[in-house]
$ cat work_8.pdb   # PDB, C-alpha atoms
ATOM      1  CA  MET Y   1     -12.060   5.996   9.491  1.00  0.00           C
ATOM      2  CA  LEU Y   2     -13.856   4.311   6.609  1.00  0.00           C
ATOM      3  CA  ARG Y   3     -17.403   3.287   7.489  1.00  0.00           C
ATOM      4  CA  GLY Y   4     -17.563  -0.477   7.939  1.00  0.00           C
ATOM      5  CA  TRP Y   5     -13.855  -0.862   8.630  1.00  0.00           C
ATOM      6  CA  GLU Y   6     -14.337  -1.926  12.269  1.00  0.00           C
ATOM      7  CA  LYS Y   7     -16.010  -5.163  11.129  1.00  0.00           C
ATOM      8  CA  LYS Y   8     -13.280  -5.837   8.568  1.00  0.00           C
ATOM      9  CA  TYR Y   9     -10.597  -5.293  11.204  1.00  0.00           C
ATOM     10  CA  SER Y  10     -12.415  -7.593  13.634  1.00  0.00           C
ATOM     11  CA  ASP Y  11     -12.458 -10.306  10.969  1.00  0.00           C
ATOM     12  CA  ILE Y  12      -8.705  -9.858  10.389  1.00  0.00           C
ATOM     13  CA  LEU Y  13      -7.957 -10.149  14.114  1.00  0.00           C
ATOM     14  CA  LYS Y  14      -9.892 -13.413  14.282  1.00  0.00           C
ATOM     15  CA  GLU Y  15      -8.510 -14.975  11.093  1.00  0.00           C
ATOM     16  CA  PHE Y  16      -4.859 -14.216  11.833  1.00  0.00           C
ATOM     17  CA  THR Y  17      -5.110 -14.334  15.654  1.00  0.00           C
ATOM     18  CA  TYR Y  18      -3.618 -10.871  15.972  1.00  0.00           C
ATOM     19  CA  ASP Y  19      -3.603  -8.927  19.233  1.00  0.00           C
ATOM     20  CA  GLU Y  20      -5.453  -5.614  19.002  1.00  0.00           C
ATOM     21  CA  LYS Y  21      -3.656  -4.391  22.124  1.00  0.00           C
ATOM     22  CA  LYS Y  22      -0.259  -4.897  20.463  1.00  0.00           C
ATOM     23  CA  ASP Y  23      -1.464  -3.115  17.340  1.00  0.00           C
ATOM     24  CA  MET Y  24      -2.434  -0.138  19.463  1.00  0.00           C
ATOM     25  CA  GLU Y  25       0.854  -0.194  21.422  1.00  0.00           C
ATOM     26  CA  SER Y  26       2.747  -0.073  18.147  1.00  0.00           C
ATOM     27  CA  ALA Y  27       0.592   2.813  16.894  1.00  0.00           C
ATOM     28  CA  ILE Y  28       1.149   4.748  20.126  1.00  0.00           C
ATOM     29  CA  PHE Y  29       4.909   4.320  19.760  1.00  0.00           C
ATOM     30  CA  LEU Y  30       4.834   5.453  16.130  1.00  0.00           C
ATOM     31  CA  ASN Y  31       2.756   8.479  17.093  1.00  0.00           C
ATOM     32  CA  SER Y  32       5.347   9.422  19.725  1.00  0.00           C
ATOM     33  CA  ILE Y  33       8.179   9.674  17.185  1.00  0.00           C
ATOM     34  CA  LEU Y  34       6.305  11.242  14.267  1.00  0.00           C
ATOM     35  CA  LYS Y  35       6.611  14.974  13.771  1.00  0.00           C
ATOM     36  CA  LYS Y  36       3.570  17.126  13.060  1.00  0.00           C
ATOM     37  CA  SER Y  37       3.527  17.929   9.364  1.00  0.00           C
ATOM     38  CA  ASP Y  38       1.455  18.945   6.354  1.00  0.00           C
ATOM     39  CA  ILE Y  39       2.119  15.658   4.551  1.00  0.00           C
ATOM     40  CA  ASN Y  40      -1.551  14.651   4.485  1.00  0.00           C
ATOM     41  CA  GLU Y  41      -2.189  17.852   2.541  1.00  0.00           C
ATOM     42  CA  LYS Y  42       0.710  17.019   0.218  1.00  0.00           C
ATOM     43  CA  ILE Y  43      -0.813  13.609  -0.503  1.00  0.00           C
ATOM     44  CA  MET Y  44      -4.149  15.250  -1.235  1.00  0.00           C
ATOM     45  CA  ASN Y  45      -2.467  17.589  -3.736  1.00  0.00           C
ATOM     46  CA  LEU Y  46      -0.728  14.650  -5.413  1.00  0.00           C
ATOM     47  CA  VAL Y  47      -3.711  12.313  -5.613  1.00  0.00           C
ATOM     48  CA  LYS Y  48      -7.031  14.200  -5.730  1.00  0.00           C
ATOM     49  CA  ASP Y  49      -8.706  13.999  -9.150  1.00  0.00           C
ATOM     50  CA  LYS Y  50      -5.605  12.344 -10.663  1.00  0.00           C
ATOM     51  CA  THR Y  51      -4.949   9.023 -12.351  1.00  0.00           C
ATOM     52  CA  VAL Y  52      -2.897   7.096  -9.782  1.00  0.00           C
ATOM     53  CA  LEU Y  53      -0.842   3.958 -10.422  1.00  0.00           C
ATOM     54  CA  VAL Y  54      -0.679   1.535  -7.488  1.00  0.00           C
ATOM     55  CA  ILE Y  55       2.166  -0.966  -7.741  1.00  0.00           C
ATOM     56  CA  GLY Y  56       2.500  -4.308  -5.956  1.00  0.00           C
ATOM     57  CA  SER Y  57       5.156  -7.019  -6.069  1.00  0.00           C
ATOM     58  CA  GLY Y  58       3.145  -9.826  -7.649  1.00  0.00           C
ATOM     59  CA  PRO Y  59       4.439 -12.073 -10.463  1.00  0.00           C
ATOM     60  CA  SER Y  60       3.315  -9.594 -13.143  1.00  0.00           C
ATOM     61  CA  LEU Y  61       5.539  -6.792 -11.824  1.00  0.00           C
ATOM     62  CA  SER Y  62       8.429  -7.877 -14.078  1.00  0.00           C
ATOM     63  CA  SER Y  63       6.347  -7.341 -17.212  1.00  0.00           C
ATOM     64  CA  ALA Y  64       4.826  -4.147 -15.798  1.00  0.00           C
ATOM     65  CA  ILE Y  65       8.118  -2.335 -15.142  1.00  0.00           C
ATOM     66  CA  PRO Y  66       8.915  -1.552 -18.821  1.00  0.00           C
ATOM     67  CA  ARG Y  67       5.428  -0.033 -19.145  1.00  0.00           C
ATOM     68  CA  LEU Y  68       5.765   1.952 -15.932  1.00  0.00           C
ATOM     69  CA  LYS Y  69       8.909   3.585 -17.316  1.00  0.00           C
ATOM     70  CA  ASN Y  70       6.697   5.241 -19.930  1.00  0.00           C
ATOM     71  CA  TYR Y  71       4.609   7.039 -17.302  1.00  0.00           C
ATOM     72  CA  LYS Y  72       7.211   9.202 -15.629  1.00  0.00           C
ATOM     73  CA  LYS Y  73       4.755  11.999 -14.837  1.00  0.00           C
ATOM     74  CA  SER Y  74       2.040   9.725 -13.402  1.00  0.00           C
ATOM     75  CA  ILE Y  75       1.566   9.568  -9.627  1.00  0.00           C
ATOM     76  CA  LYS Y  76       2.821   6.226  -8.348  1.00  0.00           C
ATOM     77  CA  ILE Y  77       2.012   4.567  -5.034  1.00  0.00           C
ATOM     78  CA  ALA Y  78       4.198   1.510  -4.388  1.00  0.00           C
ATOM     79  CA  ALA Y  79       3.963  -1.337  -1.915  1.00  0.00           C
ATOM     80  CA  ASP Y  80       7.125  -1.842   0.112  1.00  0.00           C
ATOM     81  CA  SER Y  81       8.422  -5.018  -1.565  1.00  0.00           C
ATOM     82  CA  SER Y  82       8.087  -3.547  -5.055  1.00  0.00           C
ATOM     83  CA  ILE Y  83      10.380  -0.587  -4.486  1.00  0.00           C
ATOM     84  CA  LYS Y  84      13.723  -2.387  -4.910  1.00  0.00           C
ATOM     85  CA  PRO Y  85      13.057  -3.512  -8.524  1.00  0.00           C
ATOM     86  CA  LEU Y  86      11.382  -0.179  -9.259  1.00  0.00           C
ATOM     87  CA  VAL Y  87      14.352   1.864  -8.046  1.00  0.00           C
ATOM     88  CA  GLU Y  88      16.770  -0.441  -9.858  1.00  0.00           C
ATOM     89  CA  ASN Y  89      14.882   0.466 -13.031  1.00  0.00           C
ATOM     90  CA  GLY Y  90      14.929   4.187 -12.381  1.00  0.00           C
ATOM     91  CA  ILE Y  91      11.346   4.425 -11.108  1.00  0.00           C
ATOM     92  CA  ILE Y  92      11.019   6.416  -7.883  1.00  0.00           C
ATOM     93  CA  PRO Y  93       7.507   6.153  -6.380  1.00  0.00           C
ATOM     94  CA  ASP Y  94       5.825   9.308  -5.151  1.00  0.00           C
ATOM     95  CA  ILE Y  95       4.362   7.422  -2.177  1.00  0.00           C
ATOM     96  CA  ILE Y  96       5.582   4.219  -0.496  1.00  0.00           C
ATOM     97  CA  VAL Y  97       3.170   2.205   1.635  1.00  0.00           C
ATOM     98  CA  THR Y  98       5.197   0.117   4.054  1.00  0.00           C
ATOM     99  CA  ASP Y  99       5.461  -1.627   7.394  1.00  0.00           C
ATOM    100  CA  LEU Y 100       9.274  -1.409   6.975  1.00  0.00           C
ATOM    101  CA  ASP Y 101       9.903  -5.087   6.236  1.00  0.00           C
ATOM    102  CA  GLY Y 102      11.212  -4.506   2.704  1.00  0.00           C
ATOM    103  CA  ASP Y 103      14.762  -4.071   1.404  1.00  0.00           C
ATOM    104  CA  GLU Y 104      16.539  -1.931   3.998  1.00  0.00           C
ATOM    105  CA  ASN Y 105      19.108  -0.406   1.639  1.00  0.00           C
ATOM    106  CA  THR Y 106      16.430   0.715  -0.812  1.00  0.00           C
ATOM    107  CA  ILE Y 107      14.275   2.149   1.981  1.00  0.00           C
ATOM    108  CA  LYS Y 108      17.276   4.093   3.323  1.00  0.00           C
ATOM    109  CA  LYS Y 109      18.006   5.422  -0.167  1.00  0.00           C
ATOM    110  CA  ILE Y 110      14.467   6.635  -0.837  1.00  0.00           C
ATOM    111  CA  ALA Y 111      14.005   7.947   2.716  1.00  0.00           C
ATOM    112  CA  LYS Y 112      16.300  10.860   1.828  1.00  0.00           C
ATOM    113  CA  THR Y 113      14.303  11.843  -1.267  1.00  0.00           C
ATOM    114  CA  GLY Y 114      11.014  13.697  -1.615  1.00  0.00           C
ATOM    115  CA  SER Y 115       9.001  10.467  -1.663  1.00  0.00           C
ATOM    116  CA  ILE Y 116       6.304  10.219   0.992  1.00  0.00           C
ATOM    117  CA  PHE Y 117       6.317   7.195   3.294  1.00  0.00           C
ATOM    118  CA  VAL Y 118       3.027   5.921   4.698  1.00  0.00           C
ATOM    119  CA  VAL Y 119       4.336   3.769   7.546  1.00  0.00           C
ATOM    120  CA  HIS Y 120       2.030   1.191   9.068  1.00  0.00           C
ATOM    121  CA  ALA Y 121       2.224   0.231  12.748  1.00  0.00           C
ATOM    122  CA  HIS Y 122       1.160  -3.263  13.802  1.00  0.00           C
ATOM    123  CA  GLY Y 123       1.913  -5.624  16.631  1.00  0.00           C
ATOM    124  CA  ASP Y 124       4.882  -7.296  14.941  1.00  0.00           C
ATOM    125  CA  ASN Y 125       6.952  -4.319  13.771  1.00  0.00           C
ATOM    126  CA  ILE Y 126       7.300  -1.988  16.732  1.00  0.00           C
ATOM    127  CA  GLU Y 127      11.081  -2.506  16.865  1.00  0.00           C
ATOM    128  CA  LYS Y 128      11.432  -1.356  13.238  1.00  0.00           C
ATOM    129  CA  LEU Y 129       9.455   1.848  13.646  1.00  0.00           C
ATOM    130  CA  VAL Y 130      12.383   3.803  15.086  1.00  0.00           C
ATOM    131  CA  PHE Y 131      13.668   4.072  11.506  1.00  0.00           C
ATOM    132  CA  VAL Y 132      10.895   6.600  10.930  1.00  0.00           C
ATOM    133  CA  LYS Y 133      13.194   9.204  12.491  1.00  0.00           C
ATOM    134  CA  LYS Y 134      15.407   8.941   9.393  1.00  0.00           C
ATOM    135  CA  ILE Y 135      12.576   9.450   6.883  1.00  0.00           C
ATOM    136  CA  LYS Y 136      12.203  12.935   5.442  1.00  0.00           C
ATOM    137  CA  ASN Y 137       8.459  12.765   4.669  1.00  0.00           C
ATOM    138  CA  CYS Y 138       6.343  10.368   6.703  1.00  0.00           C
ATOM    139  CA  ILE Y 139       2.849   9.788   8.067  1.00  0.00           C
ATOM    140  CA  GLY Y 140       1.648   6.886  10.196  1.00  0.00           C
ATOM    141  CA  THR Y 141      -1.223   4.419   9.875  1.00  0.00           C
ATOM    142  CA  THR Y 142      -2.916   1.744  11.943  1.00  0.00           C
ATOM    143  CA  GLN Y 143      -5.577  -0.918  11.383  1.00  0.00           C
ATOM    144  CA  SER Y 144      -7.099   0.013  14.720  1.00  0.00           C
ATOM    145  CA  THR Y 145      -8.648   3.287  15.901  1.00  0.00           C
ATOM    146  CA  PRO Y 146      -6.902   6.355  14.433  1.00  0.00           C
ATOM    147  CA  PHE Y 147      -5.745   9.146  16.741  1.00  0.00           C
ATOM    148  CA  ASP Y 148      -3.552  12.252  16.765  1.00  0.00           C
ATOM    149  CA  LYS Y 149      -0.926  11.758  13.989  1.00  0.00           C
ATOM    150  CA  ILE Y 150      -2.013   8.160  13.231  1.00  0.00           C
ATOM    151  CA  ASN Y 151      -4.390   7.590  10.304  1.00  0.00           C
ATOM    152  CA  ASN Y 152      -6.550   4.656   9.239  1.00  0.00           C
ATOM    153  CA  PHE Y 153      -7.365   4.658   5.527  1.00  0.00           C
ATOM    154  CA  GLY Y 154      -8.312   0.969   5.463  1.00  0.00           C
ATOM    155  CA  GLY Y 155      -6.557  -1.983   3.884  1.00  0.00           C
ATOM    156  CA  PHE Y 156      -4.464  -4.879   5.147  1.00  0.00           C
ATOM    157  CA  THR Y 157      -1.387  -5.662   3.020  1.00  0.00           C
ATOM    158  CA  ASP Y 158       0.920  -2.921   1.758  1.00  0.00           C
ATOM    159  CA  GLY Y 159      -0.561  -3.295  -1.730  1.00  0.00           C
ATOM    160  CA  ASP Y 160      -4.238  -2.975  -0.929  1.00  0.00           C
ATOM    161  CA  ARG Y 161      -3.513  -0.239   1.651  1.00  0.00           C
ATOM    162  CA  GLY Y 162      -2.098   1.738  -1.265  1.00  0.00           C
ATOM    163  CA  VAL Y 163      -5.403   1.417  -3.107  1.00  0.00           C
ATOM    164  CA  PHE Y 164      -7.405   2.429  -0.039  1.00  0.00           C
ATOM    165  CA  LEU Y 165      -5.080   5.421   0.362  1.00  0.00           C
ATOM    166  CA  ALA Y 166      -5.657   6.555  -3.231  1.00  0.00           C
ATOM    167  CA  SER Y 167      -9.408   6.169  -2.789  1.00  0.00           C
ATOM    168  CA  HIS Y 168      -9.391   8.100   0.490  1.00  0.00           C
ATOM    169  CA  TYR Y 169      -7.689  11.034  -1.198  1.00  0.00           C
ATOM    170  CA  ASP Y 170     -10.200  11.010  -4.066  1.00  0.00           C
ATOM    171  CA  ALA Y 171      -8.114   9.744  -6.967  1.00  0.00           C
ATOM    172  CA  LYS Y 172     -10.062  10.011 -10.216  1.00  0.00           C
ATOM    173  CA  ARG Y 173      -8.719   6.681 -11.458  1.00  0.00           C
ATOM    174  CA  ILE Y 174      -6.729   3.940  -9.763  1.00  0.00           C
ATOM    175  CA  ILE Y 175      -4.793   1.501 -11.951  1.00  0.00           C
ATOM    176  CA  LEU Y 176      -3.126  -1.576 -10.454  1.00  0.00           C
ATOM    177  CA  PHE Y 177       0.204  -3.004 -11.598  1.00  0.00           C
ATOM    178  CA  GLY Y 178       1.813  -6.146 -10.191  1.00  0.00           C
ATOM    179  CA  MET Y 179      -1.197  -6.730  -7.933  1.00  0.00           C
ATOM    180  CA  ASP Y 180      -2.056 -10.350  -8.727  1.00  0.00           C
ATOM    181  CA  PHE Y 181      -3.609 -11.682  -5.499  1.00  0.00           C
ATOM    182  CA  GLY Y 182      -3.459 -15.238  -6.830  1.00  0.00           C
ATOM    183  CA  ASP Y 183      -1.933 -18.510  -5.660  1.00  0.00           C
ATOM    184  CA  GLN Y 184       1.554 -17.486  -6.785  1.00  0.00           C
ATOM    185  CA  ILE Y 185       3.852 -15.235  -4.791  1.00  0.00           C
ATOM    186  CA  GLY Y 186       6.018 -12.802  -6.732  1.00  0.00           C
ATOM    187  CA  ARG Y 187       9.781 -13.302  -6.490  1.00  0.00           C
ATOM    188  CA  PHE Y 188      10.240  -9.719  -5.302  1.00  0.00           C
ATOM    189  CA  SER Y 189       8.271 -10.372  -2.120  1.00  0.00           C
ATOM    190  CA  LYS Y 190      11.067 -12.637  -0.805  1.00  0.00           C
ATOM    191  CA  THR Y 191       8.613 -14.791   1.117  1.00  0.00           C
ATOM    192  CA  LYS Y 192      10.184 -17.703   3.003  1.00  0.00           C
ATOM    193  CA  LYS Y 193       8.780 -21.179   2.353  1.00  0.00           C
ATOM    194  CA  SER Y 194       7.669 -21.386   5.980  1.00  0.00           C
ATOM    195  CA  GLU Y 195       5.643 -18.190   5.491  1.00  0.00           C
ATOM    196  CA  ARG Y 196       4.042 -19.145   2.177  1.00  0.00           C
ATOM    197  CA  LYS Y 197       0.725 -20.314   3.645  1.00  0.00           C
ATOM    198  CA  ILE Y 198       0.163 -17.179   5.714  1.00  0.00           C
ATOM    199  CA  LYS Y 199       1.250 -15.003   2.774  1.00  0.00           C
ATOM    200  CA  LEU Y 200      -1.392 -16.568   0.530  1.00  0.00           C
ATOM    201  CA  MET Y 201      -3.996 -16.028   3.264  1.00  0.00           C
ATOM    202  CA  LYS Y 202      -3.002 -12.366   3.417  1.00  0.00           C
ATOM    203  CA  LEU Y 203      -3.275 -12.004  -0.350  1.00  0.00           C
ATOM    204  CA  LYS Y 204      -6.736 -13.558  -0.283  1.00  0.00           C
ATOM    205  CA  ARG Y 205      -7.820 -11.156   2.450  1.00  0.00           C
ATOM    206  CA  GLY Y 206      -6.324  -8.202   0.579  1.00  0.00           C
ATOM    207  CA  LYS Y 207      -8.234  -9.131  -2.556  1.00  0.00           C
ATOM    208  CA  SER Y 208     -11.519  -9.419  -0.669  1.00  0.00           C
ATOM    209  CA  LEU Y 209     -10.964  -5.974   0.845  1.00  0.00           C
ATOM    210  CA  LEU Y 210     -10.416  -4.469  -2.608  1.00  0.00           C
ATOM    211  CA  GLU Y 211     -13.621  -6.105  -3.819  1.00  0.00           C
ATOM    212  CA  TRP Y 212     -15.401  -4.483  -0.885  1.00  0.00           C
ATOM    213  CA  LEU Y 213     -13.767  -1.117  -1.598  1.00  0.00           C
ATOM    214  CA  SER Y 214     -15.005  -1.287  -5.192  1.00  0.00           C
ATOM    215  CA  THR Y 215     -18.589  -1.159  -3.910  1.00  0.00           C
ATOM    216  CA  ILE Y 216     -18.099   2.085  -1.957  1.00  0.00           C
ATOM    217  CA  THR Y 217     -15.379   4.148  -3.657  1.00  0.00           C
ATOM    218  CA  GLU Y 218     -16.040   6.927  -6.150  1.00  0.00           C
ATOM    219  CA  SER Y 219     -12.703   6.319  -7.916  1.00  0.00           C
ATOM    220  CA  GLU Y 220     -12.672   4.487 -11.252  1.00  0.00           C
ATOM    221  CA  LEU Y 221     -10.871   1.175 -10.748  1.00  0.00           C
ATOM    222  CA  PHE Y 222      -8.684  -0.687 -13.248  1.00  0.00           C
ATOM    223  CA  THR Y 223      -6.171  -3.517 -13.109  1.00  0.00           C
ATOM    224  CA  THR Y 224      -3.482  -4.702 -15.481  1.00  0.00           C
ATOM    225  CA  SER Y 225      -2.963  -7.732 -13.256  1.00  0.00           C
ATOM    226  CA  LYS Y 226      -5.230 -10.683 -12.444  1.00  0.00           C
ATOM    227  CA  PRO Y 227      -8.978  -9.912 -12.480  1.00  0.00           C
ATOM    228  CA  ILE Y 228     -10.496  -8.445  -9.326  1.00  0.00           C
ATOM    229  CA  LYS Y 229     -14.246  -8.081  -8.944  1.00  0.00           C
ATOM    230  CA  GLY Y 230     -15.167  -4.404  -9.277  1.00  0.00           C
ATOM    231  CA  PHE Y 231     -11.980  -3.521 -11.205  1.00  0.00           C
ATOM    232  CA  LYS Y 232     -11.981  -3.278 -14.992  1.00  0.00           C
ATOM    233  CA  LYS Y 233      -9.311  -5.525 -16.505  1.00  0.00           C
ATOM    234  CA  ILE Y 234      -7.294  -3.662 -19.114  1.00  0.00           C
ATOM    235  CA  SER Y 235      -4.355  -4.562 -21.345  1.00  0.00           C
ATOM    236  CA  TYR Y 236      -1.094  -2.649 -21.510  1.00  0.00           C
ATOM    237  CA  LYS Y 237      -2.116  -1.437 -24.977  1.00  0.00           C
ATOM    238  CA  GLU Y 238      -5.157   0.313 -23.491  1.00  0.00           C
ATOM    239  CA  LEU Y 239      -3.147   2.212 -20.900  1.00  0.00           C
ATOM    240  CA  ASP Y 240      -2.189   5.168 -23.061  1.00  0.00           C
ATOM    241  CA  ILE Y 241      -5.850   5.976 -23.547  1.00  0.00           C
ATOM    242  CA  ILE Y 242      -6.600   5.880 -19.833  1.00  0.00           C
ATOM    243  CA  ILE Y 243      -3.433   7.408 -18.372  1.00  0.00           C
ATOM    244  CA  THR Y 244      -3.457  11.155 -18.931  1.00  0.00           C
TER
END

$ encode --input "work_8.pdb" --output "structure tokens"
Amino acid sequence: MLRGWEKKYSDILKEFTYDEKKDMESAIFLNSILKKSDINEKIMNLVKDKTVLVIGSGPSLSSAIPRLKNYKKSIKIAADSSIKPLVENGIIPDIIVTDLDGDENTIKKIAKTGSIFVVHAHGDNIEKLVFVKKIKNCIGTTQSTPFDKINNFGGFTDGDRGVFLASHYDAKRIILFGMDFGDQIGRFSKTKKSERKIKLMKLKRGKSLLEWLSTITESELFTTSKPIKGFKKISYKELDIIIT
């Protein structure tokens, strides 16, 4: 587990009044249905020393998709809610970071492919975790203490967990797309009006965690989205120089 994560997790529990016991119960259930595998090694082979694109579902995703089509050979890690528009545009992520609350039909479609699912267990999604049995390639994560087949790479929302994942596996460069972390919620996230306030709180927390990660990671960090402290803001025109 990333050094310093315990304090970050404690802060999350307090801010969002989450129940650590429920988080652990969910992780224990996920662990019970996961099969032992070499998927962690597969992720290492995909990510280590590579330029990795991490894709969120912020407002800028629409403009990012045409650019992403140009980087077919680049390793792509996608947050759950971004995968529907990506797949509709012929972009299949190599890794999907999810707590299984995204588009069910798209998840079912990709679950049968070679894409790797990094499924997160938390107190509110235990009933959805049984779907893991239908996923070809899957590992599990928790925000709490890792154990057995359950990992903790750090991160809070699907998007920033993808960045923490890439950093953990020693990506050379991490470039963000559709990761805006602002006061607007992307249309692909399908956030209900009643959930808007909590969603914005989550985005704010996710951004602060990425700013913290930037102070400890050895990966080079870039963003094509809204500025994030510790990440170099680059234009789409600069991408061809960076993405190799």

$ resolve_selection --input "work_8.pdb" --expression "the PyMOL selection byres ((chain Y and resi 161) around 12)" --output "NGL selection string"
:Y and (54-56 or 77-80 or 95-99 or 118-120 or 141-143 or 151-160 or 162-168 or 179 or 203 or 205-207 or 209-210 or 213)

$ atom_distance --input "work_8.pdb" --atom1 "atom CA of Y:Lys69" --atom2 "atom CA of Y:Ser81"
18.0 Å

$ residues_around --input "work_8.pdb" --residues "Y:Lys237" --least-positions-apart "3" --cutoff "12 Å" --atoms "all atoms listed in the file" --output "list in words"
Ala64, Arg67, Thr224, Lys233, Ile234, Asp240, Ile241, Ile242 and Ile243 of chain Y

$ resolve_selection --input "work_8.pdb" --expression "the PyMOL selection byres ((chain Y and resi 127) around 12)" --output "PyMOL selection string"
chain Y and resi 25-27+29-30+99-101+121-126+128-132

$ atom_distance --input "work_8.pdb" --atom1 "atom CA of Y:Cys138" --atom2 "atom CA of Y:Ser37"
8.5 Å

$ closest_residue --input "work_8.pdb" --among "Y:Ser62, Y:Asn105, Y:Ser214, Y:Asn70" --to "Y:Ser82" --atoms "only C-alpha atoms"
Y:Ser62

$ axis_aligned_box --input "work_8.pdb" --around "stretch 64-76 of chain Y" --padding-each-side "3 Å" --output "AutoDock Vina command-line options"
--center_x 5.2 --center_y 3.9 --center_z -14.1 --size_x 13.3 --size_y 22.1 --size_z 17.6

$ atom_distance --input "work_8.pdb" --atom1 "atom CA of Y:Glu218" --atom2 "atom CA of Y:Gly230"
11.8 Å

$ closest_residue --input "work_8.pdb" --among "Y:Tyr71, Y:Lys136, Y:Trp5, Y:Gly102" --to "Y:Gly90" --atoms "only C-alpha atoms"
Y:Tyr71

$ closest_residue --input "work_8.pdb" --among "Y:Ile198, Y:Val52, Y:Leu86, Y:Ile135" --to "Y:Ile65" --atoms "only C-alpha atoms"
Y:Leu86

$ resolve_selection --input "work_8.pdb" --expression "the PyMOL selection byres ((chain Y and resi 231) around 6)" --output "list in words"
Leu221, Phe222, Ile228, Lys229, Gly230 and Lys232 of chain Y

$ residues_around --input "work_8.pdb" --residues "Y:Asn45" --least-positions-apart "5" --cutoff "12 Å" --atoms "all atoms listed in the file" --output "PyMOL selection string"
chain Y and resi 38-40+50+75+94+166+169-171

$ closest_residue --input "work_8.pdb" --among "Y:Lys204, Y:Lys76, Y:Lys149, Y:Lys197" --to "Y:Leu176" --atoms "all atoms listed in the file"
Y:Lys76
